[in-house]
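Data from run.txt: compact mmCIF, C-alpha atoms
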```txt
# COMPACT_ATOMS: atom_id res chain seq x y z
CA MET I 1 74.39 -55.66 -11.30
CA SER I 2 74.47 -52.09 -12.46
CA ASP I 3 73.99 -49.28 -10.01
CA ALA I 4 72.43 -47.09 -12.69
CA ILE I 5 69.32 -45.19 -11.62
CA VAL I 6 66.28 -46.08 -13.66
CA LYS I 7 64.00 -43.11 -14.20
CA GLU I 8 60.31 -43.77 -14.82
CA THR I 9 58.61 -41.41 -17.21
CA ARG I 10 54.97 -40.60 -16.55
CA ARG I 11 52.54 -38.46 -18.51
CA ASN I 12 51.14 -35.36 -16.87
CA GLU I 13 47.53 -36.51 -17.13
CA LEU I 14 44.33 -35.03 -15.69
CA ARG I 15 41.83 -37.86 -15.36
CA PRO I 16 38.27 -36.81 -16.27
CA ASP I 17 36.73 -39.22 -13.75
CA ILE I 18 38.21 -37.23 -10.84
CA LEU I 19 37.86 -33.73 -12.31
CA SER I 20 34.19 -33.48 -11.32
CA VAL I 21 32.44 -30.65 -13.21
CA ASN I 22 35.83 -29.49 -14.55
CA SER I 23 35.80 -32.54 -16.79
CA LEU I 24 33.58 -30.47 -19.10
CA HIS I 25 36.60 -28.28 -19.83
CA CYS I 26 38.45 -29.30 -22.97
CA TRP I 27 41.86 -28.02 -21.87
CA PRO I 28 42.00 -28.15 -18.05
CA GLY I 29 45.80 -28.39 -18.07
CA GLN I 30 46.22 -25.18 -20.07
CA ILE I 31 44.57 -22.68 -17.71
CA SER I 32 45.38 -21.61 -14.16
CA SER I 33 43.78 -23.47 -11.26
CA PRO I 34 41.86 -20.35 -10.03
CA ARG I 35 40.29 -19.96 -13.47
CA LEU I 36 39.47 -23.66 -13.56
CA GLN I 37 37.80 -23.34 -10.16
CA MET I 38 35.81 -20.36 -11.43
CA PHE I 39 34.69 -22.38 -14.45
CA GLY I 40 33.39 -25.11 -12.14
CA SER I 41 31.43 -22.66 -10.00
CA HIS I 42 30.01 -20.90 -13.07
CA ILE I 43 28.63 -24.15 -14.47
CA SER I 44 26.44 -24.62 -11.38
CA GLN I 45 25.09 -21.07 -11.82
CA SER I 46 24.45 -21.23 -15.55
CA LEU I 47 20.86 -20.89 -16.74
CA THR I 48 18.99 -22.81 -19.40
CA THR I 49 18.71 -20.55 -22.44
CA VAL I 50 16.58 -20.76 -25.57
CA GLY I 51 19.63 -20.62 -27.86
CA ALA I 52 21.73 -23.26 -26.08
CA SER I 53 23.90 -25.17 -28.56
CA GLU I 54 26.24 -28.14 -28.58
CA ARG I 55 29.95 -27.50 -28.32
CA ARG I 56 32.35 -27.79 -31.23
CA CYS I 57 35.00 -29.32 -28.97
CA PHE I 58 33.86 -32.22 -26.75
CA THR I 59 35.41 -33.88 -23.74
CA GLY I 60 33.15 -36.94 -23.82
CA MET I 61 31.54 -36.08 -20.48
CA GLU I 62 28.64 -34.09 -21.98
CA PRO I 63 26.35 -37.16 -22.26
CA LYS I 64 27.11 -38.09 -18.64
CA PHE I 65 26.05 -34.69 -17.36
CA GLY I 66 23.03 -34.76 -19.67
CA LYS I 67 21.98 -38.08 -18.16
CA TYR I 68 21.90 -36.71 -14.62
CA THR I 69 20.42 -33.25 -15.11
CA PHE I 70 17.07 -32.46 -13.51
CA GLY I 71 14.23 -34.46 -14.99
CA VAL I 72 11.31 -36.74 -14.24
CA ARG I 73 12.47 -40.36 -13.98
CA LEU I 74 11.57 -43.44 -11.96
CA GLU I 75 13.84 -45.03 -9.39
CA HIS I 76 12.53 -48.56 -9.97
CA ASP I 77 11.25 -50.91 -12.64
CA ALA I 78 7.56 -50.18 -12.40
CA ARG I 79 4.14 -51.04 -13.74
CA VAL I 80 1.95 -48.02 -14.43
CA ILE I 81 -1.40 -48.12 -12.65
CA LYS I 82 -2.95 -44.76 -13.54
CA LEU I 83 -2.08 -41.30 -14.82
CA ILE I 84 -4.18 -38.55 -13.21
CA THR I 85 -4.18 -34.98 -14.51
CA ARG I 86 -4.64 -32.23 -11.95
CA TYR I 87 -6.75 -29.99 -14.19
CA PRO I 88 -8.22 -32.11 -17.03
CA ARG I 89 -9.89 -30.44 -19.98
CA THR I 90 -13.67 -30.20 -19.69
CA LEU I 91 -16.55 -28.74 -21.63
CA GLY I 92 -18.09 -25.35 -20.90
CA ASP I 93 -16.82 -22.03 -19.60
CA ASN I 94 -15.12 -23.58 -16.58
CA THR I 95 -12.57 -25.49 -18.63
CA ILE I 96 -8.89 -24.94 -17.76
CA LYS I 97 -6.71 -24.69 -20.85
CA GLU I 98 -3.49 -26.19 -19.49
CA SER I 99 -2.72 -28.51 -16.61
CA PRO I 100 0.36 -27.65 -14.51
CA GLU I 101 0.86 -31.20 -13.24
CA SER I 102 -0.04 -34.86 -13.55
CA ILE I 103 0.75 -37.69 -11.20
CA LEU I 104 1.74 -41.19 -12.25
CA ILE I 105 0.63 -43.94 -9.83
CA TYR I 106 2.72 -47.09 -10.19
CA GLU I 107 3.76 -50.23 -8.35
CA TYR I 108 7.19 -51.82 -8.04
CA ASP I 109 8.84 -54.78 -6.35
CA ARG I 110 10.41 -54.02 -2.98
CA ARG I 111 12.59 -56.39 -1.00
CA LEU I 112 11.88 -56.43 2.74
CA SER I 113 14.55 -56.91 5.40
CA SER I 114 13.42 -60.52 5.66
CA GLY I 115 14.28 -61.01 2.01
CA GLN I 116 10.64 -61.30 0.93
CA MET I 117 9.60 -59.47 -2.26
CA VAL I 118 6.39 -57.42 -2.06
CA LYS I 119 4.61 -55.04 -4.41
CA GLU I 120 4.43 -51.44 -3.19
CA VAL I 121 2.36 -48.59 -4.63
CA ASP I 122 3.89 -45.14 -5.07
CA PHE I 123 3.47 -42.11 -7.30
CA ILE I 124 5.67 -39.58 -9.07
CA SER I 125 4.78 -35.98 -9.88
CA CYS I 126 5.03 -34.87 -13.52
CA PRO I 127 5.01 -31.04 -13.40
CA SER I 128 5.06 -28.77 -16.42
CA HIS I 129 7.97 -26.69 -15.06
CA HIS I 130 11.10 -27.15 -13.02
CA THR I 131 12.54 -24.57 -10.65
CA LEU I 132 14.78 -24.61 -7.58
CA HIS I 133 15.25 -20.85 -7.62
CA GLN I 134 12.86 -18.07 -6.66
CA ASN I 135 13.15 -16.47 -10.10
CA PHE I 136 14.58 -18.89 -12.68
CA GLY I 137 13.55 -22.23 -14.16
CA TYR I 138 12.42 -23.85 -17.38
CA ARG I 139 9.57 -25.79 -18.93
CA TYR I 140 10.14 -29.53 -19.04
CA LYS I 141 10.40 -31.27 -22.39
CA TYR I 142 8.28 -34.40 -22.12
CA LEU I 143 9.19 -37.45 -24.18
CA ASP I 144 6.82 -40.18 -25.33
CA ALA I 145 3.76 -40.98 -23.23
CA PRO I 146 4.54 -43.57 -20.53
CA SER I 147 3.86 -47.18 -21.46
CA ASP I 148 2.42 -49.86 -19.18
CA TYR I 149 5.90 -50.74 -17.92
CA ILE I 150 8.72 -48.27 -17.22
CA GLY I 151 12.31 -49.27 -16.61
CA GLU I 152 14.49 -48.02 -13.78
CA GLY I 153 15.95 -44.61 -14.60
CA GLU I 154 13.80 -44.19 -17.71
CA VAL I 155 13.34 -40.50 -18.43
CA LEU I 156 9.79 -39.17 -18.74
CA ALA I 157 10.71 -35.49 -18.97
CA GLN I 158 14.03 -33.69 -19.27
CA SER I 159 15.61 -30.28 -19.55
CA PRO I 160 15.43 -28.48 -22.92
CA ALA I 161 19.23 -28.15 -22.60
CA ILE I 162 19.63 -31.84 -23.48
CA ALA I 163 20.39 -32.44 -27.16
CA GLU I 164 18.81 -35.26 -29.14
CA ASN I 165 22.01 -37.29 -28.79
CA GLY I 166 22.01 -36.75 -25.00
CA ASN I 167 24.73 -34.10 -24.81
CA TYR I 168 24.38 -31.41 -22.15
CA LYS I 169 24.15 -27.92 -23.69
CA PHE I 170 25.23 -25.56 -20.92
CA GLY I 171 25.89 -22.53 -23.13
CA LEU I 172 26.01 -21.39 -26.72
CA GLU I 173 28.69 -20.99 -29.34
CA ALA I 174 29.29 -17.38 -30.38
CA ASN I 175 31.80 -15.30 -32.29
CA VAL I 176 34.05 -13.33 -29.95
CA ALA I 177 36.33 -10.42 -30.84
CA MET I 178 39.09 -9.32 -28.45
CA MET I 179 39.08 -5.53 -28.77
CA SER I 180 40.22 -2.51 -26.79
CA VAL I 181 37.03 -0.45 -26.61
CA PRO I 182 35.75 1.78 -23.79
CA GLN I 183 32.95 -0.60 -22.85
CA ILE I 184 35.32 -3.33 -21.67
CA ILE I 185 36.66 -1.32 -18.72
CA GLU I 186 36.17 -3.10 -15.38
CA ASP I 187 35.55 -6.52 -16.92
CA GLY I 188 32.78 -5.33 -19.19
CA VAL I 189 31.66 -6.89 -22.45
CA VAL I 190 29.82 -5.64 -25.50
CA ALA I 191 27.08 -7.95 -26.75
CA SER I 192 24.86 -7.65 -29.80
CA GLU I 193 21.09 -7.53 -29.50
CA SER I 194 20.74 -10.79 -31.44
CA PHE I 195 23.16 -12.53 -29.07
CA CYS I 196 21.21 -11.34 -26.03
CA LYS I 197 17.99 -12.73 -27.51
CA ARG I 198 19.71 -16.09 -27.98
CA MET I 199 20.61 -15.94 -24.28
CA THR I 200 16.97 -15.49 -23.24
CA THR I 201 16.07 -17.57 -20.19
CA THR I 202 12.80 -18.22 -18.37
CA GLY I 203 11.72 -16.46 -15.19
CA ILE I 204 9.30 -18.33 -12.92
CA GLU I 205 7.77 -16.73 -9.83
CA THR I 206 4.96 -17.67 -7.46
CA TYR I 207 2.77 -15.09 -5.74
CA VAL I 208 0.58 -15.81 -2.72
CA ILE I 209 -2.54 -13.67 -2.36
CA SER I 210 -5.18 -13.88 0.40
CA PHE I 211 -8.52 -12.14 0.74
CA GLY I 212 -11.97 -12.51 2.24
CA LYS I 213 -12.07 -11.31 5.82
CA ASN I 214 -10.69 -7.78 5.47
CA LYS I 215 -10.51 -7.16 1.71
CA TYR I 216 -12.10 -8.28 -1.55
CA PRO I 217 -10.69 -8.69 -5.10
CA LEU I 218 -11.43 -6.33 -7.97
CA ASN I 219 -12.82 -7.29 -11.37
CA ILE I 220 -9.81 -6.06 -13.38
CA TYR I 221 -9.81 -8.90 -15.95
CA GLY I 222 -13.54 -9.35 -16.41
CA ASP I 223 -16.48 -7.37 -17.73
CA TYR I 224 -19.87 -6.30 -16.43
CA ASP I 225 -21.25 -9.82 -16.78
CA ASN I 226 -18.23 -11.95 -15.76
CA TYR I 227 -16.25 -11.31 -12.58
CA LYS I 228 -12.60 -12.19 -13.23
CA ILE I 229 -10.00 -11.27 -10.63
CA HIS I 230 -6.86 -12.56 -12.40
CA PRO I 231 -5.91 -14.23 -15.71
CA ASP I 232 -6.59 -17.94 -16.01
CA ILE I 233 -3.93 -20.57 -16.68
CA GLY I 234 -2.57 -20.09 -20.19
CA GLU I 235 -3.49 -16.39 -20.29
CA HIS I 236 -1.23 -13.36 -19.90
CA VAL I 237 -1.00 -10.45 -17.48
CA GLY I 238 -1.85 -7.03 -18.89
CA GLU I 239 0.63 -4.39 -19.97
CA ASP I 240 0.27 -2.61 -16.61
CA GLY I 241 1.69 -5.68 -14.83
CA ILE I 242 -1.18 -5.92 -12.31
CA LEU I 243 -1.85 -9.56 -11.46
CA MET I 244 -4.55 -8.87 -8.85
CA ALA I 245 -5.94 -5.90 -6.98
CA MET I 246 -7.69 -5.92 -3.58
CA ARG I 247 -9.76 -3.30 -1.81
CA ARG I 248 -10.60 -3.05 1.89
CA TYR I 249 -14.19 -3.17 3.08
CA ASP I 250 -15.71 0.22 3.89
CA ASP I 251 -19.37 0.27 4.88
CA GLU I 252 -19.70 4.01 4.34
CA LEU I 253 -18.11 4.08 0.88
CA ALA I 254 -19.47 0.72 -0.28
CA PRO I 255 -22.09 2.25 -2.66
CA VAL I 256 -19.24 4.02 -4.48
CA ASN I 257 -16.36 1.56 -4.12
CA MET I 258 -18.43 -1.51 -5.00
CA SER I 259 -20.26 -0.26 -8.05
CA ARG I 260 -19.72 -2.29 -11.21
CA ALA I 261 -17.65 0.48 -12.78
CA ALA I 262 -15.53 1.09 -9.66
CA LEU I 263 -14.73 -2.61 -9.28
CA ARG I 264 -13.10 -2.70 -12.71
CA LYS I 265 -10.60 0.08 -12.03
CA PRO I 266 -8.05 -0.04 -9.18
CA ASP I 267 -7.35 2.99 -7.04
CA PHE I 268 -3.56 3.10 -7.12
CA LYS I 269 -3.37 5.14 -3.93
CA TYR I 270 -5.57 3.08 -1.62
CA ASP I 271 -5.99 -0.37 -3.23
CA GLU I 272 -3.48 -3.18 -2.81
CA CYS I 273 -2.08 -4.21 -6.20
CA VAL I 274 0.14 -7.22 -6.87
CA TYR I 275 2.56 -6.44 -9.69
CA VAL I 276 4.38 -8.95 -11.87
CA GLU I 277 6.31 -8.78 -15.13
CA PRO I 278 3.98 -7.24 -17.77
CA GLY I 279 2.83 -9.87 -20.23
CA ALA I 280 3.78 -12.78 -17.94
CA LYS I 281 1.96 -16.05 -18.64
CA ILE I 282 0.00 -17.84 -15.92
CA VAL I 283 1.21 -21.46 -15.66
CA ASP I 284 -0.26 -22.65 -12.36
CA ILE I 285 -2.99 -21.68 -9.90
CA ARG I 286 -3.61 -23.39 -6.55
CA VAL I 287 -6.53 -22.36 -4.36
CA SER I 288 -7.08 -23.02 -0.66
CA HIS I 289 -10.35 -22.18 1.05
CA ASP I 290 -11.14 -22.19 4.75
CA GLU I 291 -14.45 -24.03 4.96
CA ARG I 292 -14.60 -23.19 8.67
CA LEU I 293 -15.43 -19.61 7.71
CA ARG I 294 -18.22 -20.66 5.38
CA GLY I 295 -21.77 -19.83 6.49
CA VAL I 296 -22.96 -23.46 6.46
CA ILE I 297 -21.44 -23.85 9.92
CA ARG I 298 -22.16 -20.55 11.63
CA GLY I 299 -25.41 -19.70 9.88
CA LYS I 300 -23.83 -16.67 8.22
CA GLY I 301 -22.58 -15.94 4.75
CA MET I 302 -18.94 -15.58 3.83
CA ASN I 303 -17.28 -12.22 4.09
CA THR I 304 -16.37 -12.34 0.39
CA PRO I 305 -19.30 -10.84 -1.55
CA VAL I 306 -21.35 -13.14 -3.78
CA GLY I 307 -19.86 -13.61 -7.24
CA MET I 308 -16.34 -12.45 -6.37
CA HIS I 309 -15.18 -15.98 -5.60
CA ASP I 310 -16.59 -17.72 -8.70
CA GLN I 311 -13.19 -17.88 -10.39
CA PRO I 312 -11.32 -19.31 -7.35
CA ASP I 313 -14.22 -21.74 -6.92
CA LYS I 314 -13.49 -23.10 -10.40
CA TYR I 315 -9.94 -24.11 -9.45
CA LEU I 316 -11.00 -25.33 -6.03
CA THR I 317 -13.61 -27.60 -7.62
CA ALA I 318 -11.09 -28.90 -10.18
CA ASP I 319 -8.63 -29.60 -7.37
CA GLN I 320 -11.26 -31.56 -5.46
CA VAL I 321 -12.02 -33.62 -8.58
CA PHE I 322 -8.32 -34.43 -8.83
CA TYR I 323 -8.09 -35.56 -5.21
CA ARG I 324 -11.29 -37.60 -5.51
CA SER I 325 -9.71 -39.41 -8.46
CA VAL I 326 -6.71 -40.22 -6.27
CA LEU I 327 -8.95 -41.52 -3.47
CA ASN I 328 -11.05 -43.54 -5.88
CA GLU I 329 -7.96 -45.21 -7.29
CA TYR I 330 -6.77 -46.06 -3.80
CA LYS I 331 -10.18 -47.50 -2.91
CA ARG I 332 -10.12 -49.61 -6.07
CA LEU I 333 -6.67 -50.97 -5.19
CA PHE I 334 -7.71 -51.65 -1.60
CA ALA I 335 -10.89 -53.42 -2.70
CA SER I 336 -8.87 -55.83 -4.84
CA ARG I 337 -5.91 -56.40 -2.50
CA LYS I 338 -7.24 -55.72 1.02
CA ASP I 339 -4.50 -56.07 3.64
CA ALA I 340 -1.97 -57.10 1.00
CA LEU I 341 -1.92 -53.53 -0.33
CA ARG I 342 1.29 -51.70 0.57
CA ILE I 343 1.84 -47.99 -0.05
CA THR I 344 4.85 -45.75 0.43
CA PRO I 345 4.90 -42.90 2.98
CA ARG I 346 4.89 -40.45 0.08
CA PHE I 347 1.70 -41.94 -1.34
CA HIS I 348 0.20 -42.01 2.16
CA ASN I 349 0.89 -38.28 2.48
CA LEU I 350 -0.90 -37.69 -0.83
CA LEU I 351 -3.92 -39.57 0.49
CA VAL I 352 -3.96 -37.40 3.62
CA GLN I 353 -3.98 -34.29 1.43
CA ALA I 354 -6.79 -35.80 -0.61
CA GLN I 355 -8.84 -36.49 2.52
CA ALA I 356 -8.37 -32.92 3.72
CA ALA I 357 -9.31 -31.47 0.31
CA THR I 358 -12.51 -33.51 -0.06
CA THR I 359 -13.92 -33.37 3.47
CA SER I 360 -17.61 -32.68 3.94
CA GLY I 361 -20.12 -32.19 6.74
CA ASP I 362 -18.81 -31.76 10.28
CA LYS I 363 -15.25 -32.49 9.17
CA ARG I 364 -15.20 -29.03 7.62
CA ARG I 365 -14.65 -27.66 11.10
CA MET I 366 -10.93 -28.27 10.73
CA MET I 367 -8.81 -25.12 10.71
CA ARG I 368 -6.60 -24.69 7.66
CA THR I 369 -3.22 -23.14 8.41
CA TYR I 370 -0.05 -22.26 6.54
CA ARG I 371 3.14 -22.50 8.59
CA GLY I 372 1.03 -22.51 11.73
CA VAL I 373 -0.94 -19.36 10.83
CA PRO I 374 -4.67 -19.68 9.97
CA ILE I 375 -5.37 -18.73 6.36
CA ASP I 376 -7.93 -16.19 5.20
CA GLU I 377 -11.16 -17.23 3.48
CA TRP I 378 -9.31 -17.58 0.18
CA ARG I 379 -5.60 -18.18 -0.43
CA ILE I 380 -4.39 -18.27 -4.03
CA GLU I 381 -0.93 -19.27 -5.24
CA ILE I 382 -0.34 -18.03 -8.78
CA THR I 383 2.78 -19.05 -10.71
CA VAL I 384 3.84 -17.03 -13.75
CA GLU I 385 6.54 -17.44 -16.37
CA TYR I 386 8.12 -14.76 -18.52
CA PRO I 387 11.16 -14.42 -20.80
CA ILE I 388 14.26 -12.71 -19.44
CA VAL I 389 16.52 -11.13 -22.05
CA PRO I 390 20.00 -10.24 -20.70
CA THR I 391 20.79 -6.56 -20.57
CA ILE I 392 23.09 -4.19 -18.68
CA GLY I 393 24.08 -5.71 -15.34
CA PHE I 394 23.82 -9.36 -16.37
CA LYS I 395 26.83 -11.64 -16.04
CA LEU I 396 28.46 -13.40 -18.96
CA THR I 397 31.30 -15.87 -18.82
CA GLY I 398 33.21 -18.31 -21.02
CA CYS I 399 34.63 -21.78 -20.56
CA HIS I 400 37.94 -20.46 -19.21
CA GLY I 401 36.39 -18.88 -16.13
CA ASP I 402 36.72 -15.53 -17.90
CA ALA I 403 33.94 -13.87 -15.98
CA THR I 404 32.76 -10.58 -17.43
CA LEU I 405 29.96 -8.16 -16.65
CA ASN I 406 27.71 -6.60 -19.24
```
Represent the structure from my file as structure tokens, please.
Amino acid sequence: MSDAIVKETRRNELRPDILSVNSLHCWPGQISSPRLQMFGSHISQSLTTVGASERRCFTGMEPKFGKYTFGVRLEHDARVIKLITRYPRTLGDNTIKESPESILIYEYDRRLSSGQMVKEVDFISCPSHHTLHQNFGYRYKYLDAPSDYIGEGEVLAQSPAIAENGNYKFGLEANVAMMSVPQIIEDGVVASESFCKRMTTTGIETYVISFGKNKYPLNIYGDYDNYKIHPDIGEHVGEDGILMAMRRYDDELAPVNMSRAALRKPDFKYDECVYVEPGAKIVDIRVSHDERLRGVIRGKGMNTPVGMHDQPDKYLTADQVFYRSVLNEYKRLFASRKDALRITPRFHNLLVQAQAATTSGDKRRMMRTYRGVPIDEWRIEITVEYPIVPTIGFKLTGCHGDATLN
């Protein structure tokens, strides 16, 4: 036998299945490991932009990441029972143009620990927007309307960054010129105005406003005949950026402060104004009202003057109609199945919310709280969206972890 040493030749190969997010890089073996690590961290911070495009060079992992981006999808094979819209369109002046959410009630087969298969009722929320950040998000792109039966993992809504072929578009292709110009000092970059517009992303913010006991809202979006304290869903904030304005009660100055003309113009020195991005669009409004403070219990009227709460009442009434629809569907299911009806804890929690929102009579004595603190007579959560065009101070980076600052 020969004593010759046999050398085994192996390829220097980076396997995409163990590269995690770095598998989206086309040439991971041609850049330094710190830059590759920066590329991976930048991907998780990248925003969905209006001009997102597919890449010219693919790694083959783009459809995999597109499949698991944020979206609305079911975890089971399910049969659709009912689709309930939170704010359905109605006739008359109290109609709400757009609904921020719908819920899909469905049933699926669940295997118990004993091995027995039972049918369980659950629901999934279908919101109009997605956000996990206090300032950024995007509007969902809904696919075809759900059929009677939905398969496990079937996508109902997905990110606008998913191409028609399923590829994940996490950036945009652009022409880049490497130049020695003054603006590139300290990792700067020069970007054209058209490029910045292609990089426009969506800002989404929610504002919580309370009034009733110590202050009242002004009529800054209405007229002498219609009291309107903020824009409705689908409408836009004015150029001054004032979403709502509140004024404190003053018995001595009430004849002046509460005249029809004075209520339409905020006093910027003494009134409390809530400012948002000028021109922002209202996409969601949720109203909570403490019935315990209503005069039907104590024999007194509410602190909020008559007519100033007509607009919040519209959303409160629509919310109660939504929850009654949920309760009615549950009652229908229970009437047909009795003790055989099984519901998930999530659906049970929705029913508890529905009971609280539709209480009447003596049950109104419950105290509504938020994080353990009693709420005011009216509590309004208003969500707005607005375009964000990158400008000086925004961060821009490429696929090689080449982080730069504008």
Expected answer as an NGL selection string: all residues with atoms within 10 Å of (-3.0, -35.7, -12.9), all atoms listed in the file: :I and (82-88 or 99-105 or 125-127 or 319 or 322-323 or 325-326)
Residue nearest Tyr275 of chain I among I:Ile209, I:Ile184, I:Leu263, I:Ala318 (counting only C-alpha atoms): I:Ile209
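By chain and then residue number, the residues within 7 Å of Tyr216 of chain I are Phe211, Gly212, Met246, Arg247, Arg248 and Thr304 of chain I, counting only C-alpha atoms and disregarding those fewer than 4 positions away in sequence.
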Which of I:Thr397, I:Gln355, I:Gln45, I:Asn219 sits closest to Ala174 of chain I [using all atoms listed in the file]: I:Thr397
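When only C-alpha atoms are used to measure the gap to Thr344 of chain I, the shortest distance among I:Arg324, I:Ala145, I:Lys169, I:Asp122 belongs to I:Asp122.
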Spatial neighbours of Val352 of chain I, 12 Å, all atoms listed in the file, chain gap at least 4 places, as a list in words: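 In the requested format, the answer is Tyr323, Arg324, Val326, Leu327, Tyr330, Pro345, Arg346, Phe347, His348, Ala356, Ala357, Thr358 and Thr359 of chain I.
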Keeping only C-alpha atoms, write the selected residues as a PDB file, keeping the file's coordinate frame.
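Saved the output as out_28.pdb:
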```pdb
ATOM      1  CA  TYR I 323      -8.090 -35.560  -5.210  1.00  0.00           C
ATOM      2  CA  ARG I 324     -11.290 -37.600  -5.510  1.00  0.00           C
ATOM      3  CA  VAL I 326      -6.710 -40.220  -6.270  1.00  0.00           C
ATOM      4  CA  LEU I 327      -8.950 -41.520  -3.470  1.00  0.00           C
ATOM      5  CA  TYR I 330      -6.770 -46.060  -3.800  1.00  0.00           C
ATOM      6  CA  PRO I 345       4.900 -42.900   2.980  1.00  0.00           C
ATOM      7  CA  ARG I 346       4.890 -40.450   0.080  1.00  0.00           C
ATOM      8  CA  PHE I 347       1.700 -41.940  -1.340  1.00  0.00           C
ATOM      9  CA  HIS I 348       0.200 -42.010   2.160  1.00  0.00           C
ATOM     10  CA  ALA I 356      -8.370 -32.920   3.720  1.00  0.00           C
ATOM     11  CA  ALA I 357      -9.310 -31.470   0.310  1.00  0.00           C
ATOM     12  CA  THR I 358     -12.510 -33.510  -0.060  1.00  0.00           C
ATOM     13  CA  THR I 359     -13.920 -33.370   3.470  1.00  0.00           C
TER      14      THR I 359
END
```
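In this comparison, which uses all atoms listed in the file, the residue of I:Lys228, I:Arg342, I:Lys395, I:Arg286 approaching Ile382 of chain I most closely is I:Arg286.
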Nearest to Lys281 of chain I by atom-to-atom distance, counting only C-alpha atoms, from I:Ala191, I:Val181, I:Val208, I:Val384: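 Comparing I:Ala191, I:Val181, I:Val208, I:Val384 against Lys281 of chain I, the winner is I:Val384.
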